[in-house]
Structures are given as C-alpha cells and as structure tokens.
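target13.cif (mmCIF, C-alpha atoms) appears below.
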```cif
data_data
#
loop_
_atom_site.label_atom_id
_atom_site.label_comp_id
_atom_site.auth_asym_id
_atom_site.auth_seq_id
_atom_site.Cartn_x
_atom_site.Cartn_y
_atom_site.Cartn_z
CA MET A 178 20.70 2.41 12.22
CA SER A 179 17.52 0.42 11.58
CA VAL A 180 16.84 -2.57 9.34
CA TRP A 181 14.17 -1.96 6.71
CA PHE A 182 12.36 -4.72 4.79
CA VAL A 183 10.69 -3.32 1.66
CA THR A 184 8.49 -5.31 -0.73
CA GLY A 185 7.99 -4.31 -4.36
CA ALA A 186 11.33 -2.51 -4.33
CA SER A 187 12.25 -2.62 -8.00
CA ARG A 188 10.36 0.56 -8.97
CA GLY A 189 8.02 3.31 -7.85
CA PHE A 190 7.58 4.05 -4.17
CA GLY A 191 9.42 0.89 -3.19
CA ARG A 192 12.60 1.90 -4.98
CA GLU A 193 12.49 5.45 -3.64
CA ILE A 194 11.92 4.21 -0.07
CA VAL A 195 14.92 1.89 -0.39
CA ILE A 196 17.12 4.77 -1.58
CA ALA A 197 15.86 7.16 1.09
CA ALA A 198 16.44 4.60 3.85
CA LEU A 199 19.96 3.89 2.61
CA GLU A 200 20.73 7.60 2.36
CA ALA A 201 19.53 7.99 5.96
CA GLY A 202 22.12 5.42 7.01
CA HIS A 203 19.85 2.41 7.47
CA GLN A 204 20.30 -1.20 6.38
CA VAL A 205 17.77 -2.36 3.81
CA VAL A 206 16.38 -5.64 2.53
CA ALA A 207 14.94 -4.81 -0.88
CA THR A 208 12.69 -7.52 -2.26
CA VAL A 209 11.84 -7.80 -5.95
CA ARG A 210 9.47 -10.16 -7.72
CA ASP A 211 11.59 -10.42 -10.85
CA PRO A 212 15.34 -9.93 -10.36
CA GLY A 213 15.65 -9.22 -14.08
CA THR A 214 13.80 -5.92 -13.57
CA ASP A 215 15.96 -4.81 -10.65
CA ARG A 216 16.76 -1.09 -10.99
CA LEU A 217 18.12 -0.64 -7.49
CA PRO A 218 21.16 1.55 -6.92
CA GLN A 219 24.67 0.28 -6.33
CA GLY A 220 27.39 1.46 -4.01
CA TYR A 221 25.84 0.77 -0.62
CA GLY A 222 27.86 -2.36 0.07
CA GLU A 223 26.60 -4.76 2.70
CA ARG A 224 23.93 -2.30 3.91
CA LEU A 225 21.75 -3.33 0.94
CA LEU A 226 20.51 -6.89 0.53
CA THR A 227 18.43 -7.59 -2.57
CA THR A 228 16.41 -10.78 -2.62
CA ARG A 229 13.68 -12.34 -4.72
CA LEU A 230 10.13 -12.26 -3.36
CA ASP A 231 6.74 -12.79 -4.93
CA VAL A 232 4.46 -12.00 -2.01
CA THR A 233 1.87 -14.50 -3.27
CA HIS A 234 4.29 -17.39 -2.63
CA ASN A 235 4.47 -18.25 1.06
CA ARG A 236 7.73 -20.18 0.78
CA GLN A 237 9.43 -17.21 -0.84
CA VAL A 238 8.08 -14.99 1.96
CA GLU A 239 9.52 -17.25 4.64
CA ALA A 240 12.84 -17.54 2.81
CA ALA A 241 13.20 -13.79 2.29
CA VAL A 242 12.45 -12.99 5.94
CA ALA A 243 14.89 -15.67 7.10
CA GLU A 244 17.56 -14.28 4.78
CA ALA A 245 17.00 -10.79 6.20
CA VAL A 246 17.41 -11.98 9.78
CA THR A 247 20.51 -13.98 8.88
CA ALA A 248 22.07 -10.93 7.24
CA PHE A 249 21.10 -8.23 9.75
CA GLY A 250 19.84 -9.99 12.87
CA ARG A 251 16.52 -8.10 13.06
CA ILE A 252 13.82 -6.26 11.13
CA ASP A 253 12.81 -2.85 12.49
CA VAL A 254 10.59 -1.47 9.74
CA LEU A 255 8.42 -3.46 7.34
CA VAL A 256 7.13 -1.59 4.29
CA ASN A 257 4.39 -3.53 2.52
CA ASN A 258 4.56 -1.80 -0.85
CA ALA A 259 4.07 -4.62 -3.37
CA GLY A 260 0.82 -4.31 -5.28
CA TYR A 261 -0.83 -3.21 -8.50
CA GLY A 262 -3.95 -1.49 -9.80
CA LEU A 263 -6.93 -2.77 -11.77
CA LEU A 264 -9.27 -0.63 -13.86
CA GLY A 265 -12.69 -2.01 -14.67
CA ALA A 266 -16.34 -1.69 -13.72
CA VAL A 267 -17.80 -4.26 -11.33
CA GLU A 268 -19.65 -5.84 -14.25
CA GLU A 269 -16.46 -6.03 -16.33
CA THR A 270 -14.06 -7.59 -13.86
CA SER A 271 -14.09 -11.36 -13.48
CA ASP A 272 -13.76 -13.28 -10.25
CA ALA A 273 -10.35 -14.49 -11.39
CA GLU A 274 -9.08 -10.94 -11.97
CA VAL A 275 -10.32 -9.72 -8.61
CA ARG A 276 -8.92 -12.75 -6.78
CA ARG A 277 -5.50 -12.23 -8.35
CA LEU A 278 -5.62 -8.59 -7.24
CA PHE A 279 -6.53 -9.55 -3.67
CA ASP A 280 -3.85 -12.25 -3.66
CA THR A 281 -1.18 -9.59 -4.11
CA ASN A 282 -2.61 -6.46 -2.52
CA VAL A 283 -4.18 -8.09 0.54
CA PHE A 284 -3.16 -11.70 1.07
CA GLY A 285 0.43 -11.00 0.05
CA LEU A 286 0.57 -8.15 2.56
CA LEU A 287 -0.86 -10.44 5.24
CA SER A 288 1.63 -13.20 4.46
CA VAL A 289 4.66 -10.92 4.77
CA THR A 290 3.29 -9.27 7.90
CA ARG A 291 2.68 -12.63 9.59
CA ALA A 292 6.25 -13.68 8.84
CA VAL A 293 7.78 -10.48 10.25
CA LEU A 294 5.62 -9.93 13.35
CA PRO A 295 7.19 -12.68 15.50
CA ILE A 296 10.56 -10.98 14.99
CA MET A 297 9.21 -7.55 15.97
CA ARG A 298 7.36 -8.94 18.98
CA GLY A 299 10.54 -10.69 20.10
CA GLN A 300 12.44 -7.42 19.80
CA GLY A 301 9.76 -5.52 21.64
CA ALA A 302 9.77 -2.91 18.87
CA GLY A 303 9.01 -2.42 15.20
CA HIS A 304 6.97 -0.45 12.69
CA VAL A 305 4.69 -1.88 10.01
CA ILE A 306 4.06 0.62 7.20
CA ASN A 307 1.40 -0.45 4.71
CA LEU A 308 0.97 1.36 1.40
CA SER A 309 -2.72 2.08 0.93
CA SER A 310 -4.20 4.69 -1.43
CA VAL A 311 -6.40 7.74 -1.75
CA ALA A 312 -8.83 5.21 -3.28
CA ALA A 313 -9.40 3.94 0.26
CA ILE A 314 -10.67 7.41 1.18
CA SER A 315 -12.80 8.05 -1.89
CA THR A 316 -12.97 6.26 -5.21
CA VAL A 317 -14.55 6.60 -8.65
CA ALA A 318 -16.17 4.45 -11.31
CA GLY A 319 -13.76 1.81 -12.56
CA LEU A 320 -11.67 1.40 -9.43
CA SER A 321 -14.05 -0.73 -7.37
CA ALA A 322 -11.82 -3.80 -7.08
CA TYR A 323 -8.63 -1.82 -6.45
CA ALA A 324 -10.39 0.36 -3.87
CA ALA A 325 -11.76 -2.76 -2.20
CA THR A 326 -8.22 -4.08 -1.68
CA LYS A 327 -7.14 -0.79 -0.15
CA HIS A 328 -10.19 -0.62 2.10
CA ALA A 329 -9.18 -4.11 3.26
CA VAL A 330 -5.67 -2.82 3.99
CA GLU A 331 -7.16 0.00 6.08
CA GLY A 332 -9.19 -2.45 8.15
CA ILE A 333 -6.15 -4.66 8.65
CA CYS A 334 -4.07 -1.69 9.77
CA GLU A 335 -6.61 -0.49 12.32
CA ALA A 336 -7.06 -3.89 13.98
CA LEU A 337 -3.39 -4.83 13.72
CA ALA A 338 -2.36 -1.64 15.51
CA GLU A 339 -4.45 -2.64 18.52
CA GLU A 340 -3.12 -6.20 18.45
CA VAL A 341 0.58 -5.36 18.44
CA ARG A 342 0.67 -2.15 20.48
CA PRO A 343 1.39 -4.07 23.72
CA TYR A 344 4.56 -5.40 22.08
CA GLY A 345 5.95 -2.01 21.12
CA VAL A 346 5.06 -2.38 17.44
CA LYS A 347 3.55 0.58 15.55
CA VAL A 348 1.35 0.41 12.45
CA THR A 349 0.82 3.14 9.84
CA SER A 350 -1.32 3.22 6.72
CA VAL A 351 0.16 5.49 4.04
CA GLN A 352 -2.44 6.88 1.61
CA PRO A 353 -0.76 8.40 -1.45
CA GLY A 354 -2.61 10.53 -3.92
CA SER A 355 -1.39 10.88 -7.50
CA PHE A 356 2.40 10.62 -7.66
CA ARG A 357 4.77 10.65 -10.61
CA THR A 358 5.75 6.99 -10.44
CA ASP A 359 5.25 4.30 -13.07
CA PHE A 360 2.06 3.08 -11.35
CA LEU A 361 -0.02 3.88 -14.43
CA ASN A 362 2.25 1.81 -16.68
CA ALA A 363 1.17 -1.65 -17.85
CA THR A 364 3.50 -3.32 -15.33
CA SER A 365 1.59 -1.84 -12.38
CA PHE A 366 -1.86 -0.93 -13.67
CA ARG A 367 -4.02 -3.45 -15.50
CA HIS A 368 -7.31 -3.19 -17.33
CA ALA A 369 -10.26 -5.57 -17.21
CA GLU A 370 -9.85 -8.26 -19.83
CA ARG A 371 -13.42 -7.95 -21.13
CA PRO A 372 -14.43 -4.26 -21.32
CA LEU A 373 -18.05 -3.43 -22.09
CA SER A 374 -19.13 -0.53 -24.29
CA ALA A 375 -21.79 0.34 -21.69
CA TYR A 376 -19.02 1.86 -19.59
CA ASP A 377 -17.32 3.93 -22.28
CA GLY A 378 -18.61 7.13 -20.68
CA THR A 379 -17.31 6.32 -17.21
CA VAL A 380 -14.57 3.72 -16.98
CA ARG A 381 -13.06 4.33 -20.42
CA ALA A 382 -13.26 8.07 -19.80
CA LEU A 383 -11.30 7.57 -16.58
CA ALA A 384 -8.76 5.48 -18.47
CA ALA A 385 -8.26 8.31 -20.96
CA HIS A 386 -7.94 10.85 -18.15
CA LEU A 387 -5.32 8.73 -16.38
CA GLU A 388 -3.37 8.30 -19.60
CA ASP A 389 -3.35 12.07 -20.13
CA ARG A 390 -2.15 12.56 -16.56
CA ARG A 391 0.65 10.02 -16.72
CA GLY A 392 3.93 11.83 -16.22
CA ASN A 393 2.13 14.95 -14.98
CA GLN A 394 1.00 13.78 -11.55
CA PRO A 395 1.54 16.44 -8.87
CA GLY A 396 3.19 14.20 -6.29
CA ASP A 397 6.98 13.84 -5.98
CA PRO A 398 7.83 10.21 -5.07
CA VAL A 399 11.23 11.20 -3.68
CA ALA A 400 9.56 13.60 -1.23
CA ALA A 401 7.02 10.91 -0.36
CA ALA A 402 9.79 8.43 0.43
CA GLU A 403 11.50 10.97 2.68
CA ALA A 404 8.20 11.58 4.49
CA ILE A 405 7.85 7.84 5.09
CA ILE A 406 11.40 7.64 6.45
CA SER A 407 10.60 10.50 8.84
CA ILE A 408 7.55 8.82 10.40
CA ALA A 409 9.55 5.68 11.18
CA ASP A 410 11.66 7.77 13.55
CA ALA A 411 8.69 9.55 15.15
CA ASP A 412 7.83 8.75 18.76
CA GLN A 413 4.13 9.04 17.92
CA ALA A 414 3.75 7.74 14.39
CA PRO A 415 0.47 8.53 12.59
CA ALA A 416 -2.11 5.77 12.24
CA LYS A 417 -2.91 7.13 8.78
CA LEU A 418 -0.69 9.35 6.65
CA PRO A 419 -2.29 10.94 3.55
CA LEU A 420 0.38 12.02 1.07
CA GLY A 421 0.01 14.73 -1.56
CA SER A 422 -2.06 17.89 -1.63
CA ASP A 423 -4.62 16.15 -3.86
CA CYS A 424 -5.12 13.40 -1.29
CA VAL A 425 -5.46 15.91 1.54
CA ALA A 426 -8.09 17.82 -0.49
CA VAL A 427 -10.04 14.60 -1.09
CA LEU A 428 -9.87 13.72 2.61
CA ASP A 429 -11.08 17.20 3.61
CA GLY A 430 -14.03 16.86 1.24
CA VAL A 431 -14.94 13.38 2.44
CA LEU A 432 -14.86 14.40 6.09
CA ARG A 433 -17.10 17.40 5.41
CA ALA A 434 -19.54 15.32 3.37
CA ARG A 435 -19.73 12.58 6.01
CA ALA A 436 -20.37 15.13 8.76
CA GLU A 437 -23.08 16.82 6.69
CA GLU A 438 -24.77 13.52 5.84
CA LEU A 439 -24.66 12.38 9.46
CA ALA A 440 -26.28 15.63 10.56
CA VAL A 441 -29.17 14.99 8.13
CA TRP A 442 -29.69 11.36 9.11
CA ARG A 443 -28.62 11.35 12.78
CA GLU A 444 -32.19 11.20 14.13
CA LEU A 445 -33.07 8.20 11.96
CA ALA A 446 -29.77 6.49 12.71
CA THR A 447 -30.24 6.76 16.47
CA SER A 448 -33.94 5.84 16.37
CA THR A 449 -33.12 2.14 15.94
CA ASP A 450 -32.05 1.48 19.54
CA TYR A 451 -34.39 -0.30 21.94
CA GLY A 452 -36.57 2.29 23.67
CA ALA A 453 -35.54 5.07 21.30
CA ALA A 454 -39.05 5.58 19.90
#
```
Structure re-expressed in structure tokens:
Amino acid sequence: MSVWFVTGASRGFGREIVIAALEAGHQVVATVRDPGTDRLPQGYGERLLTTRLDVTHNRQVEAAVAEAVTAFGRIDVLVNNAGYGLLGAVEETSDAEVRRLFDTNVFGLLSVTRAVLPIMRGQGAGHVINLSSVAAISTVAGLSAYAATKHAVEGICEALAEEVRPYGVKVTSVQPGSFRTDFLNATSFRHAERPLSAYDGTVRALAAHLEDRRGNQPGDPVAAAEAIISIADADQAPAKLPLGSDCVAVLDGVLRARAEELAVWRELATSTDYGAA
C-alpha cells in the first residue's frame, strides 16, 4: 500500500487517478481547489483524505502536505495534475493571462513539489509524476502560452530527476494526447480575453475544431489513470510517458522531422566549433 498525493483531483485525470489508486488498494490524499465542486467517490473510508488546495497559495500547499503526513505518515507518489489550458495567439494573450497560467501550471507544480520532496528524501524513496501534454512535444497556432508551460514542466522534470535520483526518488513526465475528459470545458480551458480578427483563420479555426471534438476524443481517461498507476510500481519508471495513440503518432513524426532536419544542417551546426573550419 502506497500513499498518493494528487492535485486537481475534483475532475478529469485527477479524479480518475484517485479512483484507480484507491481501487489498487492505496491510500490517497485528493486535493481540490474548490470543495464545492468535489465529485470524488465515497465508500473508501479512511483510505481517502480530501483536502482543499489551491496550488498558487503556498500556505495551503504547506497545510495540505502536513495534513497528508499527519494522516498517513508518508507520501510515496506525488501527482502534479492541477492546471488548465489557454487558447490565444501570442499577440492576443496579455501578460496577466500568461502569468496566471504559469502561476498554476508551473509555479504551483514547483510549490507542491518543494513541499513534498523533503518527505521523499527522508524516506529514501518516492515518485513524482507530473502531468505534461502532447503540446510539449509539438504544438499549433493558439497554444503558445499553454505549450510554454508544458515545455517548462518538461525541463523541470529532466533536471529534477537528476537531482533526486541519489535519494531513491523517481520522476516521470506524463504527456497525454486528446482524452475524453472535461479539459475543453470552460472550467479547464480558457480563451484569450481580447481576440483579434486577424487570427480567425488559425486560432479561431482551432477553437472550432476543438469544440467539434469535445466528447469525441480518442483517449480513455480511465485507461490513462490505470497506466499511470502501473508505472508507479515499475522498477524502472519511464522518464517520459506519452499517452494515447494520437500522442504517439505526433511523437513519431516529430522525431523523424528532427532527425531529417539535423541531417540537412549537421555540417553547418558543427562548423561553429573552434578549429572546425
């Protein structure tokens, strides 16, 4: 039995991960920003602790982690799931909108991770699982700010893994493709406050496409949650876990394109060393 600490647990991947962990026999701390929207299941008794947490409030982070340790004595798996999306061209999105996005998707993740790491280091074991996105692999017009937050998460994951490996702590970045959650709903996916008609053919077209796709995404969030539970038990957990056939297809295409581009420009790239000429 492990102790899981899951942020953004009231819906979407967070809720499904909580359920899957409970069904696997684990103890779970499910954190929710607004207790009034709590849709978590009942019937798990003392194995489920639900607590309030807005990841942008450091005092709430400290209090939630302390409550988890008081209740269960340890934290074995941290799932940084809390976050939201933002649709808008670079020219459309204000500094304030982008900062709010980074406050949740990046700085909130960092705050929770900092609070949990001393516990994992003291235990000599733990697993940090950060929810990233296919947008960190390849993105499109209108998702620049959201993709930037997920690229930041990828960089954090890669460095963090090296930092905590000596203490027995693993780190995994999970990169979901398009899954049938409520991510595209207004509660999780926001639009730039000042859209410009110049981007009707790109950003607004993407918005229409996403609206048409809502409820028809290929990915099964229950299966994704079960996959995430399985890697927590793996002796050699993946550094990066793409989820969904659409994400895997994007990754395949990006890797091929990068290799092809490098082949074209390798000579120029390597010509910049001292003595290369």
(request) Using all atoms listed in the file, determine which residues lie at most 7 Å from A:Glu239, disregarding the query and same-chain residues fewer than 4 positions distant; provide the list as JSON, numbers by chain. (result) {"A": [235, 243, 292]}
Who sits within 7 Å of A:Pro419, all atoms listed in the file, same chain under 5 positions skipped, as a PDB file with C-alpha atoms, in the frame of the given file:
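Written out: result21.pdb:
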```pdb
ATOM      1  CA  VAL A 351       0.160   5.490   4.040  1.00  0.00           C
ATOM      2  CA  GLN A 352      -2.440   6.880   1.610  1.00  0.00           C
ATOM      3  CA  PRO A 353      -0.760   8.400  -1.450  1.00  0.00           C
ATOM      4  CA  CYS A 424      -5.120  13.400  -1.290  1.00  0.00           C
ATOM      5  CA  VAL A 425      -5.460  15.910   1.540  1.00  0.00           C
TER       6      VAL A 425
END
```
(request) Using all atoms listed in the file, give me every residue within 8 Å of (1.8, -7.1, 0.6) in file coordinates, as an NGL selection string. (result) :A and (184 or 232 or 257-260 or 281-290 or 307)
(request) Evaluate the PyMOL selection byres ((chain A and resi 391-395) around 9) here and jot the selected residues down as a list of chain:residue names. (result)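 When the PyMOL selection byres ((chain A and resi 391-395) around 9) is applied to the shown file, the picked residues are A:Gly354, A:Ser355, A:Phe356, A:Arg357, A:Thr358, A:Asp359, A:Phe360, A:Leu361, A:Asn362, A:His386, A:Leu387, A:Glu388, A:Asp389, A:Arg390, A:Gly396, A:Asp397, A:Gly421, A:Ser422, A:Asp423.
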So that each row is one residue of stretch 185-277 of chain A with an atom at most 9 Å from stretch 403-411 of chain A, can you give its shortest atom pair and the distance in Å to one decimal, using all atoms listed in the file, rows by chain and rising number, as CSV?
```
residue,atom,partner,partner_atom,distance
A:Glu193,CA,A:Glu403,CA,8.4
A:Ile194,CA,A:Glu403,CA,7.3
A:Ala197,CA,A:Glu403,CA,6.0
A:Ala198,CA,A:Ile406,CA,6.4
A:Ala201,CA,A:Ile406,CA,8.2
A:Val254,CA,A:Ala409,CA,7.4
```
(message) What's the separation between atom CA of A:Met178 and atom CA of A:Val330, in Å to one decimal place?
(response) 28.1 Å
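Compared by their closest atoms to A:Lys417, and using only C-alpha atoms, the residues A:Gly319, A:Ala313, A:Val195, A:Asp280 rank with A:Ala313 nearest.
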Contacts between stretch 269-275 of chain A and stretch 323-390 of chain A, please, where a residue of stretch 323-390 of chain A counts if it comes within 7 Å (with all atoms listed in the file); show its shortest atom pair and distance in Å to one decimal, rows by chain and ascending number, as a tab-separated table.
```
residue	atom	partner	partner_atom	distance
A:Ala369	CA	A:Thr270	CA	5.5
A:Arg371	CA	A:Glu269	CA	6.0
A:Pro372	CA	A:Glu269	CA	5.7
A:Leu373	CA	A:Glu269	CA	6.5
```
(message) Just the number, please: distance in Å from atom CA of A:Leu308 to atom CA of A:Ala384, one decimal.
(response)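 Between atom CA of A:Leu308 and atom CA of A:Ala384 the gap is 22.5 Å.
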(request) Could you expand the PyMOL selection byres ((chain A and resi 312) around 9) into the explicit residues it covers here, written as a list in words? (result)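 That selection, the PyMOL selection byres ((chain A and resi 312) around 9), comes back as Ser309, Ser310, Val311, Ala313, Ile314, Ser315, Thr316, Val317, Leu320, Ser321, Tyr323, Ala324, Ala325, Lys327, His328, Gln352, Pro353 and Gly354 of chain A.
Distances from A:Leu432, A:Ala240, A:Ala245, A:Leu263 to A:Glu370 were compared using only C-alpha atoms, and the smallest one belongs to A:Leu263.
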